[in-house]
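Read the structure below first, then the notes.
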Amino acid sequence: MNLSNHSETYTLVTGASSGIGKEIARELAKRGHHLVLTARSEEKLQELAAEWNTLYKIHVHIVSLDLTEKNAAESIYMWCKQRNITIDAIINNAGAGLFGEFHTLNLDDQLNIIALNINSLVGITHYFIPDLEQLEKGYILNVASIAALYPLPYYSVYGATKAFVLSFSEALRHELRHSNITVSCLCPGDTNTDFFRNARNTNIKKSLMPPEQVAKAAVDALYRNTPVVFPGNMKLISMIPRLLLKKIISRRVSKYNL
Ligand SMILES: NC(=O)c1ccc[n+]([C@@H]2O[C@H](COP(=O)([O-])OP(=O)(O)OC[C@H]3O[C@@H](n4cnc5c(N)ncnc54)[C@H](OP(=O)(O)O)[C@@H]3O)[C@@H](O)[C@H]2O)c1
């Protein structure tokens, strides 16, 4: 049965408590979309829900949970099902990195990066696709990174997870090309968020993209059905041949303070 999308459909945004996810959620709120926001920081989500509910007259639900937990994707799906909340768009944004030499970083911390950046994204996508198929239109946007295009020394696990996200998104887009579901992938460059502090990286560039700019590019891409979006001047970087890009990156990382 095909259900028409109606005003009571919601967009699920993971990692909505800060940075790019928060700004994507704000951009969606401004455009009148109802939201289900997830992250671990319950208080931050509550504040955003209250603010946007008043400012934009939208419904905002929050689900506070740790996406590295094994059953996190199923929990979010069941949470929505039990409340009859119809999700028509998914923004798989939550993600984190760890900076340093692979062999000196804690193994569990790095496995948690994989659980967050890959397992939860794959799990959420898998749970929700059958429900999206029941709607007139369904949307998925996965947040990768410009780092999906090249190996990233000192962020080796992080970079590899983002290569996974880009590859997975493009493959899924192809599989669903005759369906009602579109799949887009966002590949931002360095953006002014808590990402670097959380990754314990003190080598922060001076020119960082504002998360609001990245968010606008993301939401435009989602509704214009853009396959892969490189916000700002990342489009130019994405066109550099891979071998040259690897050389540029290795020169850049050689200046890092470890
Ligand atoms: N900033 C950049 O330069 C950049 C560049 C390219 C791609 N990206 C990607 O953009 C996405 C957003 O990152 P950001 O830059 O906005 O960083 P951020 O400000 O640190 O935001 C990360 C978000 O993910 C949530 N999160 C982290 N760990 C979680 C966990 N275990 N369970 C549930 N939620 C969790 C955080 O919320 P809680 O802490 O409240 O849980 C937060 O809302 C990530 O996928 C990142 O890889 C960032």
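We label chains A, B, ... in the order they appear in the structure tokens, count residues from 1 in each chain, and number ligands from 1 in the order shown.
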
Residues of chain A that approach ligand 1 to 7 Å or less, counting only C-alpha atoms and all ligand atoms: could you list each one with the shortest pair of atoms and its distance in Å to one decimal, rows by chain and increasing residue number, as a Markdown table?
| residue | atom | partner | partner_atom_place_in_ligand_line | distance |
| --- | --- | --- | --- | --- |
| A:Thr14 | CA | ligand 1 | 34 (N) | 6.6 |
| A:Gly15 | CA | ligand 1 | 43 (O) | 3.2 |
| A:Ala16 | CA | ligand 1 | 43 (O) | 4.5 |
| A:Ser17 | CA | ligand 1 | 43 (O) | 3.9 |
| A:Ser18 | CA | ligand 1 | 43 (O) | 4.3 |
| A:Gly19 | CA | ligand 1 | 16 (O) | 3.4 |
| A:Ile20 | CA | ligand 1 | 16 (O) | 3.8 |
| A:Gly21 | CA | ligand 1 | 16 (O) | 5.5 |
| A:Lys22 | CA | ligand 1 | 43 (O) | 6.8 |
| A:Thr38 | CA | ligand 1 | 34 (N) | 6.7 |
| A:Ala39 | CA | ligand 1 | 34 (N) | 3.9 |
| A:Arg40 | CA | ligand 1 | 41 (O) | 3.5 |
| A:Ser41 | CA | ligand 1 | 40 (O) | 3.7 |
| A:Leu65 | CA | ligand 1 | 33 (C) | 5.9 |
| A:Asp66 | CA | ligand 1 | 32 (N) | 3.6 |
| A:Leu67 | CA | ligand 1 | 32 (N) | 3.8 |
| A:Thr68 | CA | ligand 1 | 31 (N) | 5.0 |
| A:Asn93 | CA | ligand 1 | 45 (O) | 4.8 |
| A:Ala94 | CA | ligand 1 | 24 (O) | 3.7 |
| A:Gly95 | CA | ligand 1 | 45 (O) | 3.4 |
| A:Ala96 | CA | ligand 1 | 47 (O) | 5.1 |
| A:Gly97 | CA | ligand 1 | 47 (O) | 6.6 |
| A:Leu116 | CA | ligand 1 | 31 (N) | 6.0 |
| A:Asn117 | CA | ligand 1 | 45 (O) | 6.6 |
| A:Val143 | CA | ligand 1 | 45 (O) | 5.3 |
| A:Ala144 | CA | ligand 1 | 7 (C) | 5.6 |
| A:Ser145 | CA | ligand 1 | 6 (C) | 4.0 |
| A:Ile146 | CA | ligand 1 | 6 (C) | 6.2 |
| A:Cys187 | CA | ligand 1 | 6 (C) | 6.2 |
| A:Pro188 | CA | ligand 1 | 6 (C) | 4.4 |
| A:Gly189 | CA | ligand 1 | 5 (C) | 4.7 |
| A:Asp190 | CA | ligand 1 | 3 (O) | 3.3 |
| A:Thr191 | CA | ligand 1 | 3 (O) | 3.7 |
| A:Asn192 | CA | ligand 1 | 1 (N) | 5.8 |
| A:Thr193 | CA | ligand 1 | 19 (O) | 4.5 |
| A:Asp194 | CA | ligand 1 | 19 (O) | 4.1 |
| A:Phe195 | CA | ligand 1 | 20 (O) | 3.9 |
| A:Phe196 | CA | ligand 1 | 1 (N) | 6.9 |
| A:Asn198 | CA | ligand 1 | 20 (O) | 6.1 |

I need the residues in region 16-256 of chain A that are alpha helix (DSSP H) according to DSSP; give them as a ChimeraX atom specification. /A:19-30,42-56,72-82,107-114,120-132,156-175,195-198,211-224,234-238,242-253

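Of the listed residues A:Arg83, A:Gly100, A:Asp88, A:Ile76, the one whose atoms come nearest to Gly123 (chain A) is A:Ile76, with distances taken using only C-alpha atoms.
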
Strand (DSSP E) call set, DSSP backbone run, region 52-214 of chain A, as a PyMOL selection string: chain A and resi 60-64+86-92+138-143+181-186

List the neighbours of His59 (chain A) out to 12 Å using only C-alpha atoms; skip same-chain residues closer than 6 positions along the sequence, and give me the result as a list in words. Ser7, Glu8, Thr9, Tyr10, Thr11, Leu28, Ala29, Gly32, His33, His34, Leu35, Val36, Leu37, Leu48, Ala49, Ala50, Glu51, Trp52, Asn53 and Ile85 of chain A

For N, CA, C and O atoms, I'd like the residues from the last selection saved as an mmCIF file, in the first residue's frame.
data_model
loop_
_atom_site.group_PDB
_atom_site.id
_atom_site.type_symbol
_atom_site.label_atom_id
_atom_site.label_comp_id
_atom_site.auth_asym_id
_atom_site.auth_seq_id
_atom_site.Cartn_x
_atom_site.Cartn_y
_atom_site.Cartn_z
ATOM 1 N N SER A 7 1.368 15.923 6.365
ATOM 2 C CA SER A 7 2.043 16.905 7.205
ATOM 3 C C SER A 7 2.571 16.295 8.494
ATOM 4 O O SER A 7 3.389 16.889 9.179
ATOM 5 N N GLU A 8 2.130 15.077 8.839
ATOM 6 C CA GLU A 8 2.585 14.475 10.085
ATOM 7 C C GLU A 8 3.752 13.515 9.885
ATOM 8 O O GLU A 8 3.970 12.641 10.710
ATOM 9 N N THR A 9 4.476 13.648 8.772
ATOM 10 C CA THR A 9 5.684 12.842 8.647
ATOM 11 C C THR A 9 6.843 13.602 9.297
ATOM 12 O O THR A 9 6.810 14.824 9.419
ATOM 13 N N TYR A 10 7.848 12.834 9.707
ATOM 14 C CA TYR A 10 8.973 13.391 10.455
ATOM 15 C C TYR A 10 10.302 13.086 9.762
ATOM 16 O O TYR A 10 10.419 12.071 9.076
ATOM 17 N N THR A 11 11.268 13.949 10.001
ATOM 18 C CA THR A 11 12.638 13.662 9.571
ATOM 19 C C THR A 11 13.439 13.251 10.804
ATOM 20 O O THR A 11 13.408 13.935 11.828
ATOM 21 N N LEU A 28 15.967 22.241 8.514
ATOM 22 C CA LEU A 28 14.720 21.506 8.255
ATOM 23 C C LEU A 28 13.560 22.118 9.038
ATOM 24 O O LEU A 28 12.444 22.247 8.533
ATOM 25 N N ALA A 29 13.848 22.507 10.283
ATOM 26 C CA ALA A 29 12.813 23.125 11.127
ATOM 27 C C ALA A 29 12.307 24.417 10.484
ATOM 28 O O ALA A 29 11.102 24.651 10.401
ATOM 29 N N GLY A 32 9.835 23.919 7.946
ATOM 30 C CA GLY A 32 8.549 23.387 8.411
ATOM 31 C C GLY A 32 8.469 21.884 8.589
ATOM 32 O O GLY A 32 7.375 21.331 8.715
ATOM 33 N N HIS A 33 9.615 21.189 8.603
ATOM 34 C CA HIS A 33 9.579 19.731 8.782
ATOM 35 C C HIS A 33 9.498 19.371 10.266
ATOM 36 O O HIS A 33 10.220 19.938 11.089
ATOM 37 N N HIS A 34 8.649 18.409 10.597
ATOM 38 C CA HIS A 34 8.628 17.866 11.965
ATOM 39 C C HIS A 34 9.874 16.986 12.144
ATOM 40 O O HIS A 34 10.348 16.376 11.178
ATOM 41 N N LEU A 35 10.348 16.912 13.379
ATOM 42 C CA LEU A 35 11.654 16.276 13.593
ATOM 43 C C LEU A 35 11.665 15.242 14.714
ATOM 44 O O LEU A 35 10.985 15.427 15.730
ATOM 45 N N VAL A 36 12.464 14.213 14.527
ATOM 46 C CA VAL A 36 12.878 13.330 15.630
ATOM 47 C C VAL A 36 14.393 13.501 15.733
ATOM 48 O O VAL A 36 15.118 13.221 14.772
ATOM 49 N N LEU A 37 14.834 14.021 16.866
ATOM 50 C CA LEU A 37 16.256 14.305 17.060
ATOM 51 C C LEU A 37 16.881 13.265 17.978
ATOM 52 O O LEU A 37 16.295 12.930 19.018
ATOM 53 N N LEU A 48 16.640 22.432 22.217
ATOM 54 C CA LEU A 48 16.380 22.668 20.791
ATOM 55 C C LEU A 48 14.919 22.389 20.463
ATOM 56 O O LEU A 48 14.268 23.146 19.731
ATOM 57 N N ALA A 49 14.384 21.307 21.026
ATOM 58 C CA ALA A 49 12.984 20.945 20.755
ATOM 59 C C ALA A 49 12.058 22.063 21.209
ATOM 60 O O ALA A 49 11.150 22.475 20.473
ATOM 61 N N ALA A 50 12.306 22.580 22.412
ATOM 62 C CA ALA A 50 11.432 23.636 22.945
ATOM 63 C C ALA A 50 11.537 24.898 22.083
ATOM 64 O O ALA A 50 10.525 25.510 21.728
ATOM 65 N N GLU A 51 12.781 25.242 21.718
ATOM 66 C CA GLU A 51 12.991 26.468 20.925
ATOM 67 C C GLU A 51 12.305 26.370 19.557
ATOM 68 O O GLU A 51 11.573 27.267 19.151
ATOM 69 N N TRP A 52 12.510 25.276 18.851
ATOM 70 C CA TRP A 52 11.990 25.157 17.478
ATOM 71 C C TRP A 52 10.493 24.932 17.459
ATOM 72 O O TRP A 52 9.814 25.345 16.530
ATOM 73 N N ASN A 53 10.016 24.291 18.511
ATOM 74 C CA ASN A 53 8.564 24.102 18.622
ATOM 75 C C ASN A 53 7.866 25.460 18.684
ATOM 76 O O ASN A 53 6.876 25.710 18.010
ATOM 77 N N ILE A 85 4.901 7.235 14.810
ATOM 78 C CA ILE A 85 5.605 8.361 14.172
ATOM 79 C C ILE A 85 6.139 7.879 12.829
ATOM 80 O O ILE A 85 6.921 6.926 12.766
#

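Distance-wise, CA of Leu245 (chain A) and CA of Phe168 (chain A) end up 21.8 Å apart.
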
Can you tell me, as a list in words, what residues are no more than 9 Å from region 170-174 of chain A when counting only C-alpha atoms, ignoring any on the same chain fewer than 5 positions away?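 Listed by chain and then number, they are Val165, Ile181, Thr182, Val183, Ser184, Cys185, Pro227 and Val228 of chain A.
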